[in-house]
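What follows is a short report on a single structure.
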Amino acid sequence: MSACLYRDSYQRVFLCCFKDLSVNDGLETEFNGFSVPLEHSFEVDDVAKFQLRGSLVLKTGREPSVSLNQNQLSEEDRTKLKEVAAVDGLYRIRVPRVFLQADKQTEWQTDGHLTAFVRACAMVESHLSDVITLHTDVSGYLIAVSIVTFPGACRGTEVEDEVDLEVFNTTLSIMAPVNAPGPETALFIQRMEQEFEKKGKNPQEQKSFFAKYWMYIVPLVLFLMMSGAQDQSGGGGGGGGNGGGR
Amino acid sequence: MAKLILLLLKCILLCGTVYAVFEDQVGKFDWRQQYVGKVRFCHFDAHMQSSKKVLLATESNVFAALNTRTGEVLWRHVDKTGPEGNIDAFLQNGQDAVLVVGNGRFLRSWETNIGGLNWEAVLDSGSFQSACLIGQQGTVKNVAVLKKTAISLHYLSNGHQKWIENLPDSDTVDYQTVYSGGNSEVYVLGVVPHSHIAIVAFSGDDGEILQQSSVEAPWLSSIPESCQMVDQDLLICVDSTTMSLYTLDLKLQLQLNQIPLQSLELEVDPDFRPSLVSHQPNPAKQPRSEFFLQLAPDHYVLLQFNNGQLVVLRDFKPALLVSFATTGEKTVAAVMSPKNKTVAPSSQASSINLFNAETGRRLLDTTLIFTMDPNGGKPEKLNVQAFLKKDDSVGYRVMVQTKDHTLTFLQQPGRVLWTREEALSDVLTMEMVDLPLTGTQAELEGEFGKKTDGLMSMVFKRLSSQLILLQAWVAHLWKLFYDARKPRSQVKNDISMENLSRDEFNLQKMMVMVTASGKLFGIDSKTGGILWKHYLENIPSNAAFKLMVQRTTAHFPHPPQCTLLIKDKDTGLASLHVFNPIYGKMSHVSPPALPQPILQSLMLPFMDQDYAKVLLLIDDQYKVSAFPSTKYVLQQLQEMASSIFFFLVDSNQGRLSGYRLRTDLSTEQIWEVALPTETQKIVSVKGKKPNEHVHSQGRVMGDRSVLYKYLNPNLLAVVTESTDLHQERSFVGIILIDGVTGRIIHEAVQRKARGPVHVVHSENWVVYEYWSTKSRRNEFSVIELYEGMELYNSTAFSSLDRPLVPQVLQQSYIFPSSISTMEATLTEKGITSRHLLIGLPSGGILSLPKMFLDPRRPEMASEQSREENLIPYAPELMIRTEWFVNYNQTVSRVRGIYTAPSGLESTCLVVAYGLDIYHTRVYPSKQFDVLKDDYDYMLISSVLLALFFATMISKRLAEVKLLNRAWR
């Protein structure tokens with residue numbers, strides 16, 4: 001890319017990836033990745049004119065990661081950004097649509113761009129601290145880019161352009177879709193079994209009333225039946241039986 | 001067993017609330033209307049003279065019998081939707097009705113008295129062409145089904161196949177009709193377009209080919225369109241290019257006999273395709289020798305074959321519709337003709353007369369006046385039920401089908417017995433609008449709206465309006481007293497336009513329904529009565545509708561206003577229909593002409609000076625037009641332009657893009673998200689309801705801290721489905737995206753899942769349902785978004801200033817049934833807990849508490865989760881029968897559920913529509929703000945009184961005691 005020509009003036013910025021990448025020039029050649037331009041636009045008349053802001057170095061593979069090389073804002077751009085912020089214009093960024101799983105970096109095709117915006121005043125007031133997130137889909141296509149500044153509000157505070165508007169303080173990340181959970185039957189069954197086992201440890205409680213005391217109930221019933229039969233034949237035995245039953 | 005008991009105990013413990021209706025509440029707060037759809041075939045049950053039944057087979061794949069006295073459905077059979085359940089043919093013989101269903105897949109015989117199935121036969125596959133009853137010696141015993149390549153004969157008694165024969169030369173000949181004239185021969189007629197007619201005669205007994213021949217007919221392309229059978233096995237065809245009738249005797253099969261229409265002194269209207277109407281009263285006998293020839297849209301001629309000669313019996317001009325009917329031995333022809341052309345065409349009346357079919361003479365005293373509804377469509381079909389009166393003369397009733405799918409049943413001299421609005425079987429969208437205040441209330445209300453004009457006049461005005469109120473109250477009391485003396489059944493609860501007014505708790509509303517036929521209805525939600533209807537003509541068949549309420553009834557004296565956006569799905573061209581939702585009248589506000597295809601419409605929350613919300617329409621040039629577009633509105637738009645954002649979805653290209661309005665009403669693209677169409681396609685994009693209120697900003701946790709909800713009103717739930725439908729690789733994607741900034745808030749993918757996906761998006765949660773291909777079951781998943789323990793900016797929400805990503809919680813459940821549609825309840829202030837209303841294919845409407853779909857349901861119940869009322873996680877959601885809000889009132893083919901808040905916080909109004917319409921009220925947290933029906937007023941007042949007296953007495957006693965003590 002043409003972006004590589006500006007390598008010397010690049011400034012390394014804060015990186016935030018899934019993998020901690022302590023990148024230095026020697027390691028960069030081992031990247032199984034490619035770089036795509038990150039462009040930005042901020043115009044007073046709000047007609048987008050995208051210019052190069054830096055280049056994103058994308059590492060493809062199972063765990064895609066990204067790092068960013070970007071320029072300082074020039075004097076001219078700083079004043080323009082402040083002017084745009086004054087009229088509540090927009091600060092836009094865009095990246096080309098690329099396929100991260102491609103093996104060779106030449107394979108990526110740019111059929112359009114993904115754009116996002118933030119209010120220019122928020123960019124100024126946050127001292128160029130922005131959070132850029134790249135979103136991919138399941139198969140590794142880049143589907144969206146988003147930018148927010150931190151803090152995000154516009155309060156109209158004065159900003160010194162020499163000190164605060166020179167260097168981008170970018171937090172960059174790449175997000176793949178999370179796998180939505182399915183119904184957790186296994187855990188539930190496990191829990192149910194545990195409870196069942198807990199119950200099973202003292203089988204006394206499990207048994208019903210009849211099962212527990214059958215040895216008392218059955219003789220009693222038998223005795224009562226016997227005594228009832230005796231009642232019909234003769235009264236004396238019945239009285240004795242009743243007394244024994246109590 | 002122990003598991004079961006445990007579960008049961010849990011259920012009892014955790015949800016002691018019961019949501020069922022009591023027996024005496026049945027039908028009190030709910031109603032159901034059953035429909036059959038647009039009628040395709042119609043037969044009057046004629047096997048008994050006193051029969052009160054009409055049998056209908058409809059385009060909605062419904063077979064039903066209506067009571068001709070009341071128009072009510074006697075019985076109804078709802079088949080599968082789509083071509084599988086399509087009714088191809090309907091033949092009637094005595095008590096049996098024979099249907100061919102699903103492109104000739106099934107042959108079914110129904111018993112028409114009770115609607116029971118006699119038998120069903122599965123036929124060989126093959127595209128269905130025609131069917132007819134085969135009679136022999138005066139009785140009908142068989143039914144013939146003609147397919148593309150074969151003909152089969154079945155017994156009427158049990159459906160068994162008598163014989164099946166392949167048709168000769170079926171690859172070249174297009175067999176179209178089967179015919180039997182009462183003898184045992186079965187004729188199959190086919191055509192080689194622009195060449196010849198092929199005739200094959202089969203023996204009805206064994207299927208042997210008796211005769212096979214072809215006759216030159218280079219002008220013929222379709223037999224059913226231009227030919228009919230009349231008299232003794234005579235085929236008669238009409239051709240518009242040669243302006244002649246052709247006859248062919250199927251027995252002799254020599255050649256076509258050409259009869260130029262000029263020889264009969266008849267002339268065909270230019271650009272009109274003439275057609276024939278014949279009549280075969282009994283399939284076991286030959287058809288009548290009389291037939292109608294249509295020469296122009298309003299010109300019919302009754303012709304007769306008399307000993308081989310064609311005779312013109314009578315010329316009918318103008319005539320709109322004709323029909324034959326037979327009763328006993330008499331056959332009559334009914335002709336509908338416009339009554340007088342001087343009256344405005346919108347409220348045209350037509351007269352229907354009977355004519356003797358044999359002579360063409362008009363029968364005396366048979367005129368019937370049919371007055372067309374000015375808000376309805378033109379008559380389309382005439383179905384005549386003829387009967388013999390006591391003096392042996394012919395009486396009749398007619399059922400008129402009109403273009404707006406209405407059935408009107410009339411008897412002489414024009415009395416409408418009933419009408420059925422079958423357009424309501426296909427409701428596409430609806431809105432509920434508050435009813436206006438009564439005149440007196442409005443008067444009082446209007447008083448505050450006016451400018452002050454002096455103290456005295458204000459006082460006077462107030463007094464006078466109070467007087468009017470008093471008067472109305474006295475009148476109301478008097479009416480109550482008067483009605484109380486009458487027996488309950490006589491008290492009429494008819495709602496008419498005059499006494500239409502809002503009730504105390506705003507439970508009665510106007511339901512504005514838009515149907516696929518282009519007819520709009522205004523239905524009273526309390527009774528289900530149709531208060532107004534309006535038929536929009538020239539609606540494209542594939543139109544998409546969007547109904548919007550621009551002004552509610554709250555802005556007296558401005559009338560409420562609804563706008564219907566009608567968009568042709570193919571061209572994108574749209575038009576607006578602006579009307580008053582209470583009276584159905586077209587508004588005097590003229591909608592703007594829309595020459596460009598419309599991409600998106602947007603209702604803005606701000607209003608013009610007449611309190612109408614502003615509607616923005618974005619055309620394919622990304623230019624925005626406003627309606628109403630007064631100077632005031634345009635000025636407001638200019639001021640607010642930088643805060644008006646909208647999004648467009650192009651599902652073909654997988655592109656979502658956001659736009660911002662500019663002050664000159666053009667737009668600029670500000671964000672773009674593109675999903676690769678090779679892997680997934682966007683199936684639905686759901687925002688939140690604009691009229692939704694959320695009462696609590698957060699949830700109180702077990703430890704008394706608050707978990708704040710992420711309440712982004714601009715959040716969109718985008719659902720995608722994979723293009724790869726292999727069960728291992730298919731997935732359902734769900735992307736939560738901010739509609740203003742285009743920022744993806746959350747992106748999840750449900751693997752090994754497939755659609756159809758139903759989504760509900762509300763408050764801080766999204767619930768979706770999908771089919772799990774791995775486990776082969778339906779599953780629900782719920783996503784909830786929380787800001788965390790602290791709010792970022794508690795005063796206002798702005799999508800432009802929310803840098804933090806919310807916490808996302810998700811949980812999934814198994815659901816034991818597939819679902820048709822899903823919606824969430826909606827209440828006035830959002831205090832009441834939410835339920836999901838789920839329309840099941842079985843016809844039930846399930847009210848599932850949202851509590852069960854909560855990703856914070858813990859694995860194990862802990863002290864804190866119990867404090868929070870969280871139910872321990874169970875993977876299966878059970879369907880409990882008491883959750884069905886429509887108890888036994890099955891709603892067939894639910895397509896949509898509409899929810900609206902009422903004036904009572906506890907109550908949500910629900911309308912389920914599909915083939916049927918069902919309205920009810922639901923109380924998700926029970927009726928906490930209403931006293932029960934059986935509330936014991938007597939007890940509470942007597943207790944109060946007793947307490948009052950007790951205090952009086954004890955006070956007195958205490959006084960006496962004090963006095964006594966003082967004396968001591």
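Lettering and numbering for the structure tokens are positional, with chains as A, B, ... in the shown order, residues counted from 1 in each chain, and ligands counted from 1 in the shown order.
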
Can you tell me, as a PyMOL selection string, which residues in stretch 385-621 of chain B count as alpha helix (DSSP H) by DSSP?
chain B and resi 439-449+455-485

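For chain A, the residues close to chain B, meaning within 6 Å and counting only C-alpha atoms, are Leu114, Thr115, Ala116, Ile143, Ala144, Ser146, Val148, Gly152, Ala153, Pro177, Val178, Asn179, Ala180, Gly182, Pro183, Glu184 and Thr185 of chain A.
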
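Minimum distance to A:His40 across A:Ser65, A:Gln190, A:Gln70, A:Thr60 (counting only C-alpha atoms) occurs at A:Gln70.
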
Using DSSP assignments from the backbone, pull out every residue in stretch 254-493 of chain B that falls under strand (DSSP E) and give it to me as a PyMOL selection string.
chain B and resi 257-260+275-277+290-296+299-306+309-316+321-327+330-338+349-356+368-371+379-388+394-402+406-411+415-421+427-434

Keeping only C-alpha atoms, take the residues you just selected and write them out as a compact mmCIF listing (two decimals), in the first residue's frame.
# COMPACT_ATOMS: atom_id res chain seq x y z
CA ASN B 257 -69.88 -26.56 -37.12
CA GLN B 258 -69.34 -22.84 -37.49
CA ILE B 259 -72.20 -20.46 -36.72
CA PRO B 260 -71.26 -16.84 -37.40
CA SER B 275 -67.45 -16.14 -22.92
CA LEU B 276 -70.13 -18.74 -22.30
CA VAL B 277 -72.13 -19.71 -19.22
CA GLU B 290 -79.85 -22.98 -22.81
CA PHE B 291 -76.74 -20.95 -22.20
CA PHE B 292 -75.57 -17.40 -21.85
CA LEU B 293 -73.18 -15.74 -24.23
CA GLN B 294 -71.39 -12.67 -22.94
CA LEU B 295 -70.67 -10.20 -25.70
CA ALA B 296 -69.55 -7.17 -23.73
CA HIS B 299 -74.12 -7.44 -22.45
CA TYR B 300 -75.42 -11.01 -22.22
CA VAL B 301 -77.55 -13.06 -24.58
CA LEU B 302 -79.58 -16.11 -23.61
CA LEU B 303 -79.40 -18.71 -26.37
CA GLN B 304 -81.01 -22.09 -26.80
CA PHE B 305 -80.40 -25.18 -28.88
CA ASN B 306 -83.68 -26.26 -30.28
CA GLN B 309 -80.98 -24.89 -34.32
CA LEU B 310 -79.55 -22.03 -32.32
CA VAL B 311 -82.24 -19.61 -31.17
CA VAL B 312 -81.79 -16.28 -29.43
CA LEU B 313 -84.20 -16.28 -26.51
CA ARG B 314 -83.49 -12.92 -25.00
CA ASP B 315 -80.98 -10.12 -25.17
CA PHE B 316 -79.89 -8.61 -21.85
CA LEU B 321 -74.02 -10.58 -13.89
CA VAL B 322 -75.97 -13.67 -14.85
CA SER B 323 -76.48 -17.01 -13.20
CA PHE B 324 -78.57 -20.16 -13.59
CA ALA B 325 -80.41 -21.89 -10.80
CA THR B 326 -82.50 -25.03 -10.64
CA THR B 327 -85.13 -26.10 -8.19
CA LYS B 330 -87.55 -25.74 -13.04
CA THR B 331 -84.48 -23.89 -14.20
CA VAL B 332 -84.35 -20.16 -14.06
CA ALA B 333 -81.84 -17.57 -15.13
CA ALA B 334 -81.09 -14.68 -12.80
CA VAL B 335 -79.85 -11.46 -14.35
CA MET B 336 -78.50 -8.49 -12.46
CA SER B 337 -78.84 -5.20 -14.27
CA PRO B 338 -78.16 -1.64 -13.17
CA ALA B 349 -78.69 0.18 -7.10
CA SER B 350 -79.10 -2.90 -9.23
CA SER B 351 -82.13 -5.03 -9.80
CA ILE B 352 -82.08 -8.77 -10.11
CA ASN B 353 -84.80 -10.53 -12.08
CA LEU B 354 -85.62 -14.14 -12.77
CA PHE B 355 -86.32 -15.42 -16.26
CA ASN B 356 -87.67 -18.72 -17.36
CA LEU B 368 -84.92 -7.95 -6.09
CA ILE B 369 -83.16 -4.67 -5.49
CA PHE B 370 -79.50 -4.81 -4.57
CA THR B 371 -78.13 -1.54 -3.31
CA PRO B 379 -70.39 -7.07 -7.65
CA GLU B 380 -68.31 -9.90 -8.97
CA LYS B 381 -70.39 -13.04 -8.77
CA LEU B 382 -74.01 -13.94 -8.31
CA ASN B 383 -75.02 -17.10 -6.47
CA VAL B 384 -78.72 -17.90 -6.64
CA GLN B 385 -80.59 -20.16 -4.28
CA ALA B 386 -83.91 -20.97 -5.93
CA PHE B 387 -86.77 -22.74 -4.18
CA LEU B 388 -90.33 -23.67 -4.96
CA VAL B 394 -90.14 -20.05 -8.01
CA GLY B 395 -88.79 -17.96 -5.16
CA TYR B 396 -85.14 -17.18 -4.64
CA ARG B 397 -82.44 -15.65 -2.54
CA VAL B 398 -79.12 -14.44 -3.79
CA MET B 399 -75.65 -14.20 -2.39
CA VAL B 400 -73.69 -11.46 -4.10
CA GLN B 401 -69.93 -11.52 -3.99
CA THR B 402 -68.31 -8.14 -4.45
CA THR B 406 -67.93 -9.08 0.88
CA LEU B 407 -70.75 -11.58 0.83
CA THR B 408 -74.25 -10.11 0.88
CA PHE B 409 -77.23 -12.38 1.22
CA LEU B 410 -80.52 -10.89 0.07
CA GLN B 411 -84.08 -11.94 -0.28
CA ARG B 415 -83.91 -7.14 2.25
CA VAL B 416 -80.33 -7.83 3.30
CA LEU B 417 -80.37 -10.86 5.56
CA TRP B 418 -76.70 -10.67 6.37
CA THR B 419 -73.38 -9.50 5.11
CA ARG B 420 -69.98 -10.97 5.80
CA GLU B 421 -66.80 -8.97 5.42
CA VAL B 427 -55.72 -8.21 7.95
CA LEU B 428 -52.24 -6.88 7.25
CA THR B 429 -51.80 -4.11 9.76
CA MET B 430 -53.84 -2.32 12.37
CA GLU B 431 -53.82 0.49 14.88
CA MET B 432 -55.97 1.27 17.90
CA VAL B 433 -57.16 4.82 18.27
CA ASP B 434 -58.73 6.37 21.35

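Using only C-alpha atoms, the protein and nucleic acid residues lying no more than 6 Å from A:Val131, apart from those fewer than 3 places from it along its own chain, are Ile147, Val148, Thr149, Thr170, Thr171 and Leu172 of chain A.
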
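For the pair atom CA of B:Asp650 and atom CA of B:Leu637, the separation is 26.1 Å.
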
Contacts of stretch 891-901 of chain B at 8 Å (only C-alpha atoms; same-chain gap of 6+ positions) as a PyMOL selection string
chain B and resi 32+78+430-432+820-828+837+839-845+907-918

Do you know which residues are at most 7 Å from stretch 106-121 of chain B counting only C-alpha atoms, after dropping those on the same chain fewer than 5 positions away, and could you put them as a tab-separated table (two decimals) with C-alpha atoms, in the first residue's frame?
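Contents of the output file selection.tsv:
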chain	number	residue	atom	x	y	z
B	75	TRP	CA	-68.70	-25.57	10.64
B	95	GLN	CA	-75.25	-34.65	1.14
B	96	ASP	CA	-71.70	-35.18	0.02
B	97	ALA	CA	-69.23	-32.53	-0.97
B	98	VAL	CA	-66.20	-33.73	-2.87
B	99	LEU	CA	-63.07	-31.58	-2.81
B	100	VAL	CA	-59.86	-31.92	-4.75
B	101	VAL	CA	-57.07	-30.41	-2.65
B	158	ASN	CA	-65.73	-44.81	-0.21
B	159	GLY	CA	-63.19	-43.03	-2.38

Atomic distance atom CA of B:Gly135 - atom CA of B:Gly182, expressed in Å with one decimal:
4.9 Å

Fewer than 5 positions away in the same chain doesn't count, so skip those; otherwise give me all residues within 9 Å of B:Pro218, counting only C-alpha atoms, as an NGL selection string.
:B and (192-197)

Go ahead and save the picked residues with N, CA, C and O atoms, as an mmCIF file, in the first residue's frame.
data_model
loop_
_atom_site.group_PDB
_atom_site.id
_atom_site.type_symbol
_atom_site.label_atom_id
_atom_site.label_comp_id
_atom_site.auth_asym_id
_atom_site.auth_seq_id
_atom_site.Cartn_x
_atom_site.Cartn_y
_atom_site.Cartn_z
ATOM 1 N N VAL B 192 -54.452 -29.170 -28.642
ATOM 2 C CA VAL B 192 -53.114 -28.796 -29.074
ATOM 3 C C VAL B 192 -53.281 -27.361 -29.545
ATOM 4 O O VAL B 192 -53.989 -27.113 -30.518
ATOM 5 N N PRO B 193 -52.715 -26.417 -28.824
ATOM 6 C CA PRO B 193 -53.064 -25.013 -29.092
ATOM 7 C C PRO B 193 -52.853 -24.653 -30.563
ATOM 8 O O PRO B 193 -51.857 -25.031 -31.174
ATOM 9 N N HIS B 194 -53.822 -23.983 -31.103
ATOM 10 C CA HIS B 194 -53.829 -23.491 -32.486
ATOM 11 C C HIS B 194 -53.710 -24.622 -33.493
ATOM 12 O O HIS B 194 -53.208 -24.432 -34.580
ATOM 13 N N SER B 195 -54.182 -25.800 -33.112
ATOM 14 C CA SER B 195 -54.143 -26.889 -34.079
ATOM 15 C C SER B 195 -55.461 -27.669 -34.049
ATOM 16 O O SER B 195 -56.298 -27.494 -34.924
ATOM 17 N N HIS B 196 -55.627 -28.472 -33.030
ATOM 18 C CA HIS B 196 -56.837 -29.288 -33.033
ATOM 19 C C HIS B 196 -57.272 -29.645 -31.614
ATOM 20 O O HIS B 196 -56.522 -29.487 -30.657
ATOM 21 N N ILE B 197 -58.508 -30.122 -31.524
ATOM 22 C CA ILE B 197 -59.046 -30.623 -30.268
ATOM 23 C C ILE B 197 -58.897 -32.136 -30.274
ATOM 24 O O ILE B 197 -59.169 -32.775 -31.285
#

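When atom CA of B:Met603 is paired with atom CA of B:Ile737, their separation reads 20.0 Å.
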
I'd like the neighbourhood of B:Val549 as a ChimeraX atom specification, where a residue qualifies if any of its atoms comes within 10 Å (using only C-alpha atoms), though same-chain residues fewer than 4 positions away should be ignored.
/B:431-433,553,560-564,578-581,603,612-613,615
